[in-house]
Amino acid sequence: MNRAVVMITLGLLGGVSYGLYSLKYEVRALERRATELRIQTARDRAAIKTLHAEWSYLARPSRLDALARRFLALQPARPEQVGMVAELNMRPLGGDAAGQNDDFKLLMPRARPTRLVLRPGERP
Amino acid sequence: MIRREREPAPRPALEGVEKTAMGQTQLRLLIAGGLFALAFVALGGRIVELAFFHVTAGPVLAVEDSQAALRHQGLTPRADIIDRNGVLLASDLMTVSLGVDPARLIDPVAAAGKLAALFPDLSRRELLAKLTSKHGFEWIKRPLTPRQHAAVLRLGIPGLLFKKAIERIYPNGRTASHVVGFVDVDNTGLAGIERSFDARLKNSATPLALALDIRVQHVLRQELAGAMAEFSAIGAAGLVMDARSGEIVAMVSLPDFDPNQPVDSPRGNRFNRASLGVYEMGSTFKTFTVAMALEAGTASLSSDYDARRPIRIARYMIRDDHPQNRWLSVSEIYIHSSNIGSARMAVQVGPELQRRFLDRLGLLRRPALEIEEVGTPLVPRRWGEISTMTISYGHGLAVSPVQLVAGVAAVTNGGVLHQPSLLPAGAAPARPGVRVVSRRTSAKMQALMRLVVEEGTGRLADVPGYLVGGKTGTAEKSAAGGYRRHALLSSFVGIFPSTAPRYVVLALLDEPHGTKQTFGYAGGGWTAAPAVARIIGRIAPLLGVEPTALKTHPLHDVVVAALHQGEKL
């Protein structure tokens with residue numbers, strides 16, 4: 001009986017010691033990993049900050065404006081090219097799901113697009 | 001019984017010894033066990049403590065980017081500045097600079113050769129001088145690009161040192177230079193928001209959002225620069241203000257500077273004409289005169305004033321640029337921009353009321369803008385009848401463009417003055433508006449300003465679909481002892497859409513010169529108005545202003561009726 005108690009106690013002792021030991025090392029490893037991750041996060045954050053700054057520099061309106069004028073045929077939207085959602089016909093209630101009863105008016109601009117007419121000496 | 005009593009009799013001695021031995025052992029075990037138990041309880045407690053109460057972050061060093069850690073390293077981080085849509089206007093960049101400790105260098109000559117190959121802009125001789133210097137430390141190159149940094153590391157020369165520094169960068173460069181400002185080498189703000197929010201930017205990592213929209217800012221700057229070049233002006237200023245909140249969506253002063261290299265531009269370029277400069281604005285002030293007379297009830301749109309001949313008062317002569325030489329109604333005075341008529345209108349209201357009205361519009365006091373570059377208006381010391389007359393058409397009282405725009409916004413937005421602000425309306429402490437004129441007066445002013453664009457001096461400011469209204473201003477710049485006839489300050493202040501103004505746009509040109517296209521005219525209607533038209537045409541879609549099918553203001557007929565009545569007389 002006494003012997004059993006001693007054995008159990010010793011067993012528990014060993015178990016607990018081992019548990020504590022491995023826990024300690026596990027914690028140490030986790031801490032190391034956490035530090036690594038924290039450093040990595042900090043590096044990534046710094047990189048994101050730098051990239052954000054670079055993006056802002058590359059996407060600055062003055063540069064985009066010049067590039068758009070050079071490579072795109074797009075121009076600022078003119079008032080007659082703007083249509084409003086409110087001008088759309090609503091889908092009639094009770095129409096079938098297949099949409100065969102659709103009688104949508106096409107969303108038409110208020111007027112045909114016109115070419116920008118430049119006065120002499122005016123920039124587009 | 002005796003035996004029984006006797007039999008154990010010899011044992012007590014034995015028993016005594018045994019008992020004490022047993023007792024001792026038991027006691028020892030108990031104590032040992034107790035100690036162990038205590039130790040385990042302590043261990044357990046510690047484990048619990050570690051698990052539940054010590055969940056703190058690891059070493060502070062690891063959190064490289066936190067402001068506190070950076071400051072700990074002797075660096076001076078600042079919070080980003082962003083525009084109303086979150087676009088970066090100012091940010092920090094970690095840079096690395098190259099230095100050397102000559103004493104620790106093994107072969108200076110070889111090192112100088114290798115470094116000279118890497119940096120073509122550094123001469124081999126200067127490098128060698130630095131590498132053999134007697135000083136403990138010498139800078140070689142600051143700052144390095146990341147690529148140069150890697151290349152120097154690859155050389156693997158002992159004795160070379162890298163120092164981290166934070167550099168303030170402005171990705172949008174000149175576009176918002178006067179608003180954002182710039183910093184010195186120690187990262188202390190010297191101008192604009194960088195200066196006025198210096199402490200806030202140093203102590204907080206949260207980005208500071210401005211009311212500015214960098215896209216609108218770009219358009220304003222580009223169009224102003226275009227107009228400035230076209231009319232060979234010496235400077236320009238422009239503003240776009242939200243008429244309903246007083247938020248400054250764009251503010252430009254030209255010439256400007258690059259905040260990344262502020263010392264590369266002349267010092268004079270740092271002067272902010274839009275908020276620090278105060279100018280006699282000229283005819284745009286008639287907006288306030290008419291609003292004042294309508295509000296005071298001394299005039300209606302059809303009241304007539306004698307503009308048959310110039311007014312001679314003291315040593316002044318008040319005359320019109322386009323003399324009609326007849327009686328003019330209030331509508332006509334505004335649309336033909338008659339100095340004589342507005343002088344008479346103002347005299348009828350009187351100096352005292354005029355002064356109070358302009359004060360309520362915020363034109364007599366330094367506005368509380370969030371930068372330090374804000375000018376104090378030049379108010380006449382004696383505000384007599386002469387001042388009343390000249391101020392009625394914008395001479396004798398000098399205000400900053402930002403005050404003018406805030407005043408026009410107040411008169412046309414339904415009659416409520418909002419303090420101009422560079423911070424978004426949600427961020428700054430609530431700024432309740434102050435009613436300055438009635439809704440009725442405000443609606444009449446909208447219609448008058450629309451008519452100026454439809455058939456008055458501001459025709460070149462029209463943009464189909466946005467119902468632009470506005471007023472031209474052409475002031476002669478004052479010089480010692482008088483005015484210079486040919487040094488003009490030409491401006492146009494526009495509202496759109498004039499039925500319920502969303503934005504007020506100002507373009508102001510300093511000393512523009514007429515061209516062949518403008519038949520030599522350099523007034524606001526010829527120089528600033530077309531610039532405002534181009535600005536509105538480009539920013540209205542950006543700002544989501546819905547185009548309208550209306551061609552005229554609903555009060556158009558009322559205003560026009562007043563016109564014809566005047567003509568009959």
# chains A, B, ... in the order shown; residues from 1 in each chain; ligands from 1
>>> interface_residues(of="chain A", to="chain B", cutoff="7 Å", atoms="only C-alpha atoms", output="PyMOL selection string")
chain A and resi 35+38-39+42+46+50+53+56-57+60-62+76-77+79
>>> select_by_dssp(residues="stretch 8-105 of chain A", states="alpha helix (DSSP H)", output="count of residues only")
62
>>> residues_around(residues="B:Ser421", least_positions_apart="4", cutoff="7 Å", atoms="only C-alpha atoms", output="number ranges by chain")
B: 246-248, 369-370
>>> residues_around(residues="B:Asn339", least_positions_apart="5", cutoff="9 Å", atoms="only C-alpha atoms", output="ChimeraX atom specification")
/B:283,286,307,310,318-321,333,344,389-390,392-393
>>> residues_around(residues="A:Val27", least_positions_apart="6", cutoff="12 Å", atoms="only C-alpha atoms", output="PyMOL selection string")
(chain A and resi 19-21+33-34) or (chain B and resi 47+50-51+55)
>>> atom_distance(atom1="atom CA of B:Gly415", atom2="atom CA of B:Thr287")
12.8 Å
>>> select_by_dssp(residues="stretch 345-499 of chain B", states="strand (DSSP E or B)", output="ChimeraX atom specification")
/B:378,398-399,416-417,421,434-435,469-479,482-496
>>> atom_distance(atom1="atom CA of B:Leu131", atom2="atom CA of B:Phe119")
14.7 Å
>>> residues_around(residues="B:Ser245", least_positions_apart="5", cutoff="10 Å", atoms="only C-alpha atoms", output="JSON, numbers by chain")
{"B": [406, 409, 410, 413, 416, 417, 418, 419, 420, 421, 424, 425, 431, 432, 433, 502, 503]}
>>> write_last_selection(atoms="N, CA and C atoms", output="PDB file, in the first residue's frame")
ATOM      1  N   ALA B 406     -15.423  81.830 -48.809  1.00  0.00           N
ATOM      2  CA  ALA B 406     -16.333  81.468 -47.712  1.00  0.00           C
ATOM      3  C   ALA B 406     -17.525  82.416 -47.687  1.00  0.00           C
ATOM      4  N   ALA B 409     -19.828  81.581 -50.577  1.00  0.00           N
ATOM      5  CA  ALA B 409     -20.540  80.344 -50.242  1.00  0.00           C
ATOM      6  C   ALA B 409     -21.700  80.657 -49.302  1.00  0.00           C
ATOM      7  N   ALA B 410     -21.457  81.512 -48.320  1.00  0.00           N
ATOM      8  CA  ALA B 410     -22.489  81.824 -47.333  1.00  0.00           C
ATOM      9  C   ALA B 410     -23.672  82.534 -47.979  1.00  0.00           C
ATOM     10  N   ASN B 413     -25.455  79.758 -50.494  1.00  0.00           N
ATOM     11  CA  ASN B 413     -25.823  78.374 -50.148  1.00  0.00           C
ATOM     12  C   ASN B 413     -27.150  78.303 -49.394  1.00  0.00           C
ATOM     13  N   VAL B 416     -26.119  80.525 -45.028  1.00  0.00           N
ATOM     14  CA  VAL B 416     -25.455  80.131 -43.793  1.00  0.00           C
ATOM     15  C   VAL B 416     -23.940  80.139 -43.977  1.00  0.00           C
ATOM     16  N   LEU B 417     -23.240  80.873 -43.102  1.00  0.00           N
ATOM     17  CA  LEU B 417     -21.779  80.934 -43.185  1.00  0.00           C
ATOM     18  C   LEU B 417     -21.161  79.759 -42.429  1.00  0.00           C
ATOM     19  N   HIS B 418     -20.276  79.023 -43.126  1.00  0.00           N
ATOM     20  CA  HIS B 418     -19.496  77.969 -42.476  1.00  0.00           C
ATOM     21  C   HIS B 418     -18.039  78.409 -42.465  1.00  0.00           C
ATOM     22  N   GLN B 419     -17.375  78.208 -41.336  1.00  0.00           N
ATOM     23  CA  GLN B 419     -15.962  78.555 -41.274  1.00  0.00           C
ATOM     24  C   GLN B 419     -15.192  77.694 -42.269  1.00  0.00           C
ATOM     25  N   PRO B 420     -14.322  78.321 -43.074  1.00  0.00           N
ATOM     26  CA  PRO B 420     -13.522  77.503 -43.986  1.00  0.00           C
ATOM     27  C   PRO B 420     -12.619  76.565 -43.180  1.00  0.00           C
ATOM     28  N   SER B 421     -12.449  75.335 -43.670  1.00  0.00           N
ATOM     29  CA  SER B 421     -11.656  74.370 -42.917  1.00  0.00           C
ATOM     30  C   SER B 421     -10.919  73.425 -43.847  1.00  0.00           C
ATOM     31  N   PRO B 424     -11.788  67.435 -42.825  1.00  0.00           N
ATOM     32  CA  PRO B 424     -13.116  66.998 -43.217  1.00  0.00           C
ATOM     33  C   PRO B 424     -14.139  67.306 -42.130  1.00  0.00           C
ATOM     34  N   ALA B 425     -15.375  67.583 -42.556  1.00  0.00           N
ATOM     35  CA  ALA B 425     -16.392  68.055 -41.619  1.00  0.00           C
ATOM     36  C   ALA B 425     -16.593  67.080 -40.462  1.00  0.00           C
ATOM     37  N   ARG B 431     -18.821  72.426 -36.491  1.00  0.00           N
ATOM     38  CA  ARG B 431     -18.775  73.862 -36.777  1.00  0.00           C
ATOM     39  C   ARG B 431     -20.177  74.295 -37.190  1.00  0.00           C
ATOM     40  N   PRO B 432     -20.976  74.723 -36.250  1.00  0.00           N
ATOM     41  CA  PRO B 432     -22.324  75.129 -36.614  1.00  0.00           C
ATOM     42  C   PRO B 432     -22.268  76.373 -37.485  1.00  0.00           C
ATOM     43  N   GLY B 433     -23.092  76.399 -38.521  1.00  0.00           N
ATOM     44  CA  GLY B 433     -23.113  77.556 -39.402  1.00  0.00           C
ATOM     45  C   GLY B 433     -23.837  78.722 -38.754  1.00  0.00           C
ATOM     46  N   ARG B 502     -23.225  73.429 -54.813  1.00  0.00           N
ATOM     47  CA  ARG B 502     -22.483  72.398 -54.099  1.00  0.00           C
ATOM     48  C   ARG B 502     -21.055  72.885 -53.832  1.00  0.00           C
ATOM     49  N   TYR B 503     -20.484  73.556 -54.820  1.00  0.00           N
ATOM     50  CA  TYR B 503     -19.100  73.996 -54.689  1.00  0.00           C
ATOM     51  C   TYR B 503     -18.932  75.438 -55.167  1.00  0.00           C
TER      52      TYR B 503
END
